[in-house]
Structures are given as C-alpha cells and as structure tokens.
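Undergrad: What follows is a single structure, and I will ask about it in a moment.
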Amino acid sequence: MAAGAVEGAALAIWPILLVITAAIFTYNLVVHTKAMDTIKTMLSSVTSDMRVLALLLAWGFGDFMEGMAGFGTAVAIPAAMMVAVGFNPLKSIVACLVANAVPTTFGSIAIPTTTLASLTGIDPVQLGTFISAQLFILNTITPLFIVAIIGGGVKALKGVLTVTILSGLALSVPELIINKFIGPELSVLASSIIIMTVIVVSAKFMPTNDPDYEIKAEVRGITGGEGVIAAMPFILIFVFLLLASKLVPAIYGPLSSIKTTVIIDEAIGAKHTFVWIATPGIMIFLAAFVGGAIQKASFGEMLGVLGKTLRGLAFTYITIIAVVVTAKLMTYSGMTRNIAEALVGATGSMYPLFAPLVGALGAFITGSGTNTNVLFGPLQVAAANSLIPGDTGLQMWLAGINSGAAGIGKMFSPQSIAIAIGAVVPALNAYIENNKIEEKTALALRSTIRPNVIMSSVFKYFVIFIIIDGLISFLAQGTITSLIK
C-alpha cells in the first residue's frame, strides 16, 4: 500500500499536476498581460452567438488542446476562457467535459492509442482506424450536446443546426481518413484545425442573429499583429509540443532520453519515470514564459503570476494526488481487475454490449486514457479471445472499444472535475472582479461549481454516451470491420 501510494503521488505530481499548473499559469499570465481581452475581442468578432462561440472554444479549441497536450488541458483552458468571455461557469465545465469525451483516445499525439497498440501487438494504424470508426457517430453528434448544454435545451439548436452538424463531421470524417492512411498521431490535432476553420467560415457566411443567445462584448478593430501577440503563448504551445513530439524524432529522441526512473518497490513492479523535458507540462511552461516576454511581462511579474497560480491550486493538488493514489491502490490490490473480470464472467456472449463500461471504469478511476488502456486493454483482448478464440478482428474491436470508452469515463472522472474546478475558479473570480458582479450573484455562480453539482450535471450525458457506445460495440462490429477491410 505504501509503495502504491508513493507511485500514485509521483504520477500525480509529474506529469499530471505539472501540466495542469502549466496550463492554468498560461491562462493566468494571458489575463495578467491583458492579452485575454484582445483574444475575447477577436472571438467576439467571429460571432457574438454564445452557441457558436461554445463550439469554437469547447469543441474546436478543446480538441486542439487534447490533440497537442492532453492531461486535462482540453478542459482547463477552454473552460476558463469561456468563463472569462462571460459564459455560465457550470455550463462551461459540463460542455468541456462532454466535448472531451471523444478526442481523449487520440490525445497528446495519440499516446493512449499507440500505448494500447504496443501493449497488445496490434498495428496502430489499424487500431486507430477501428477506434475512429467506432466513434464516428459520437464524434458527429457531440456538438449537438454542447449547444444544448450552453443554450439550455434542444431548442437552442434552432438557427445553428447546420454549423453544429458540420463541426461534428469536421472531426468524424477527417479523423477516420487520417487514421486510415497516415496513423493516429495527427488524427485529432489536424481535425481540430479543420473544425475551427469550419466554424469560423460558417459564422462568416451563415451568421446568426438571435438576441436570446447573444454575448455582449467589446467590439473594436484588432490588427493581425495584435492578434498574433495576444495568442502567442497558445501558438508557442502548439509549436513546442509538436517539435518535442514523436513526430520530430531528431528532437524527441535526445529530449526524451533526459529522464530518471525511480524503483519504488521492485517486488510489485512499482516504479515511476520522470521525463524531465519532453513532457507537455515543461513545453507549456516554456511557451508561457516566452509568450509572456513577447507580451512585455517582466520575469518578476511572471513569477508573481506563477506564485498566485500555485496558491490557488493548493486544494486541487491535494484532491488529484488523493485520486491517483486511490487508483494505484485499487490496481495493486486487484479491485479494479476483479470488477472488470466479474463483468466479463457475468455477461458471457453479451459482453461486447458492456465492454465500454470496462474502459469507462478505468478512466473514471484513473482520469487517464493511457492508464485505462494499460489497465484494461489486455483484458479486453483476452475477453475477445475467450469469446471467439483466434478472432483477431474481435480482439482489435474490443481493444478499440476500450480506448474509445476511456474518454466517456474521463467525462465523469473526479480527476477531470477537479482539474476543471481548479481552472474555472480563478477565471470566475477575475470575471466577477472585472465586471463588478454583485455579491449575491457572485455567490450563486460560485456555488454551482462544486464537485457534487458538476457530477450530477454531467451524469446524464455519461449515461447517454455509454449506452450509444455499448450499442455500437454490440451491433456494429461485423459491419464496420467488413467496411474497414
């Protein structure tokens, strides 16, 4: 138990808390330099319709952050930006959690998928193609849920249905094609750029004019140079993460070799490897400091913002360390595996219908698509082999289902919710202060972003997604497999 707790704490601190701190520090620094005001003005110039703006931030930019960095940045940064623009904090968090349900498996340059492929011996291109085919429906319809969450119901789709469906297809179609012909690494990252392009073009040529969904914001001319400087930290995040990824082996190789592996308990295999430079958190920190300097912030100012960020995240650190420690203890004690094996034994030939629950369980416990695949990917392959021995197609199918369902479980994970709260609280406080919100209203807004309120709000979407994924897993295996082949 002690070894598992130490390993869990190490994993929580590096890289999870590192990347969360870096992401929120970047956001806080952009607010400090007033660049966020420029970004808000630029966003408002795209559209003043909160529904379309939510698609741009939660869906397009969120998928971009997931494809580049993962580790909670796809929830933390977009949700904080939405609150800064004037969105309801609870709706912002729920929308970003739901949006993050589908790109997780290809997050951080597809580390969850490529890890699963290496563990199971499955070709990553084939595995990625299976996953993107399984997620095709959810990829397409998830923006409908985002608009309904932000707009307060299905009626909010009126007037934006076309752009909403197009933004869903802008993920599902390119993701499938890229996986089929290139591989999983760029499938969400490239698709996210297509999503944002589709939304911006649609907003220009199909503008909406519904006062019920209008966001009041400053409108002024922003030059191209101003826009680039304001967005510089985010541009640099993209550049640095790309250069330090496996897509650029000449840089990735030397940087990734700078690491330290600590053996915690050799008997049970408890160890942790600290990758000191080629990790998303370090790249985001570097982008923030360079971007902040370009925005004329002094080094002392940046350190002051960092200190404020660290103090503001104190309780988030405790929560996430506790969650990851619990996950490790459940793994080493056999609790997690016993739950999954019991489900396999209880369902028999109906197991594919329930296979997504196993993947979702792993992500709910660990908060990580990669860890979910490490925990349950081999189990899914073993389950497929016990159902139909030697059927490699079924093995690949259930392995893919596990990886796709990890995002659904992550939507409901305590770790994801803790990350969201840690990002949104400082953004909400800044919004309340800057807009001089009266105390009663401010108290009501803060009361909506408690963990139990968020979990109860997102639970119904978790159930809907897991049911849809279960039906796809059970009914569509033969059809999709034949189409892919």
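Every chain in the structure tokens has a letter given in the order shown (A, B, ...), and although residue numbers restart at 1 in each chain, ligands are simply numbered from 1 in the order shown.
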With only C-alpha atoms counted and 12 Å as the cut-off, give the residues of region 47-159 of chain A in contact with region 458-479 of chain A, each with its shortest interatomic distance in Å and the pair that gives it, as a tab-separated table.

TA:
```
residue	atom	partner	partner_atom	distance
A:Leu90	CA	A:Val458	CA	10.0
A:Lys91	CA	A:Val458	CA	9.7
A:Ser92	CA	A:Val458	CA	11.4
A:Ile93	CA	A:Val458	CA	9.2
A:Val94	CA	A:Val458	CA	6.0
A:Ala95	CA	A:Val458	CA	8.8
A:Cys96	CA	A:Val458	CA	10.4
A:Leu97	CA	A:Val458	CA	7.8
A:Val98	CA	A:Tyr461	CA	7.2
A:Ala99	CA	A:Tyr461	CA	10.6
A:Asn100	CA	A:Phe462	CA	11.6
A:Ala101	CA	A:Phe465	CA	8.6
A:Val102	CA	A:Phe465	CA	9.7
A:Phe130	CA	A:Gln477	CA	9.6
A:Ile131	CA	A:Ser473	CA	10.7
A:Ala133	CA	A:Ala476	CA	9.9
A:Gln134	CA	A:Ile472	CA	6.9
A:Leu135	CA	A:Asp469	CA	7.9
A:Phe136	CA	A:Ile472	CA	10.1
A:Ile137	CA	A:Ile468	CA	8.8
A:Leu138	CA	A:Phe465	CA	7.6
A:Asn139	CA	A:Phe465	CA	10.8
A:Ile141	CA	A:Phe465	CA	10.2
A:Thr142	CA	A:Phe465	CA	9.2
A:Leu144	CA	A:Tyr461	CA	11.8
A:Phe145	CA	A:Tyr461	CA	8.3
A:Ile146	CA	A:Tyr461	CA	10.4
A:Ala148	CA	A:Tyr461	CA	11.3
A:Ile149	CA	A:Val458	CA	10.0
```

Undergrad: Please provide as a PyMOL selection string all residues within 7 Å of region 276-283 of chain A, with the sequence filter that same-chain residues fewer than 3 positions apart are discarded (counting only C-alpha atoms).

TA: chain A and resi 15+18-19+22+69+237+240-241+244+252+255-256+258-259+286-287

Undergrad: Which residues come within 8 Å of region 181-198 of chain A, counting only C-alpha atoms, excluding same-chain residues fewer than 3 positions away, as an NGL selection string?

TA: :A and (56 or 59-61 or 63-64 or 66-68 or 103 or 106-107 or 109-111 or 113-114 or 124-125 or 128-129 or 163 or 166-168 or 170-171 or 174-178 or 201-202)

Undergrad: Do a neighbour search on region 364-369 of chain A at 8 Å with only C-alpha atoms, toss out local chain neighbours closer than 4 positions, and write the hits as a VMD selection string.

TA: chain A and resid 71 104 to 105 112 323 to 324 327 360 373 403 406 to 407 409 to 416

Undergrad: Near region 430-433 of chain A, counting only C-alpha atoms, which residues have an atom at most 7 Å away, once you skip same-chain residues fewer than 4 positions from it, shown as JSON, numbers by chain?

TA: {"A": [84, 426, 437, 442]}

Undergrad: Smallest atom-to-atom distance to Ala5 (chain A): which of A:Ser333, A:Ser44, A:Thr73, A:Thr208, using only C-alpha atoms?

TA: A:Ser333

Undergrad: Might you pull out every residue within 8 Å of Ile215 (chain A), with only C-alpha atoms counted and same-chain residues fewer than 3 positions away left off, and present them as a PyMOL selection string?

TA: chain A and resi 48-50+86

Undergrad: Which residue gives the smallest distance to Ala2 (chain A) among A:Met232, A:Ile419, A:Ala117, A:Ala270, with only C-alpha atoms counted?

TA: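 The closest residue to Ala2 (chain A) is A:Ala270.
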
Undergrad: Calculated over only C-alpha atoms, which of the candidates A:Ala346, A:Ile199, A:Leu11, A:Ala79 has the smallest distance to Val424 (chain A)?

TA: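 Between A:Ala346, A:Ile199, A:Leu11, A:Ala79, the residue approaching Val424 (chain A) most closely is A:Ala79.
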
Undergrad: In Å to one decimal, how far is CA of Ser108 (chain A) from CA of Met65 (chain A)?

TA: 8.2 Å

Undergrad: Write out as a list in words each polymer residue whose atoms come within 8 Å of Gly291 (chain A), counting only C-alpha atoms; drop sequence neighbours fewer than 5 positions from it.

TA: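 Close residues of Gly291 (chain A): Ile229, Met232, Pro233 and Leu236 of chain A.
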
Undergrad: Give me, as a list in words, the residues of region 260-466 of chain A that a backbone DSSP run labels strand (DSSP E).

TA: Thr260, Thr261, Val262, Ile263, Ile264, Asp265, Ala270, Lys271, His272, Thr273, Phe274 and Val275 of chain A
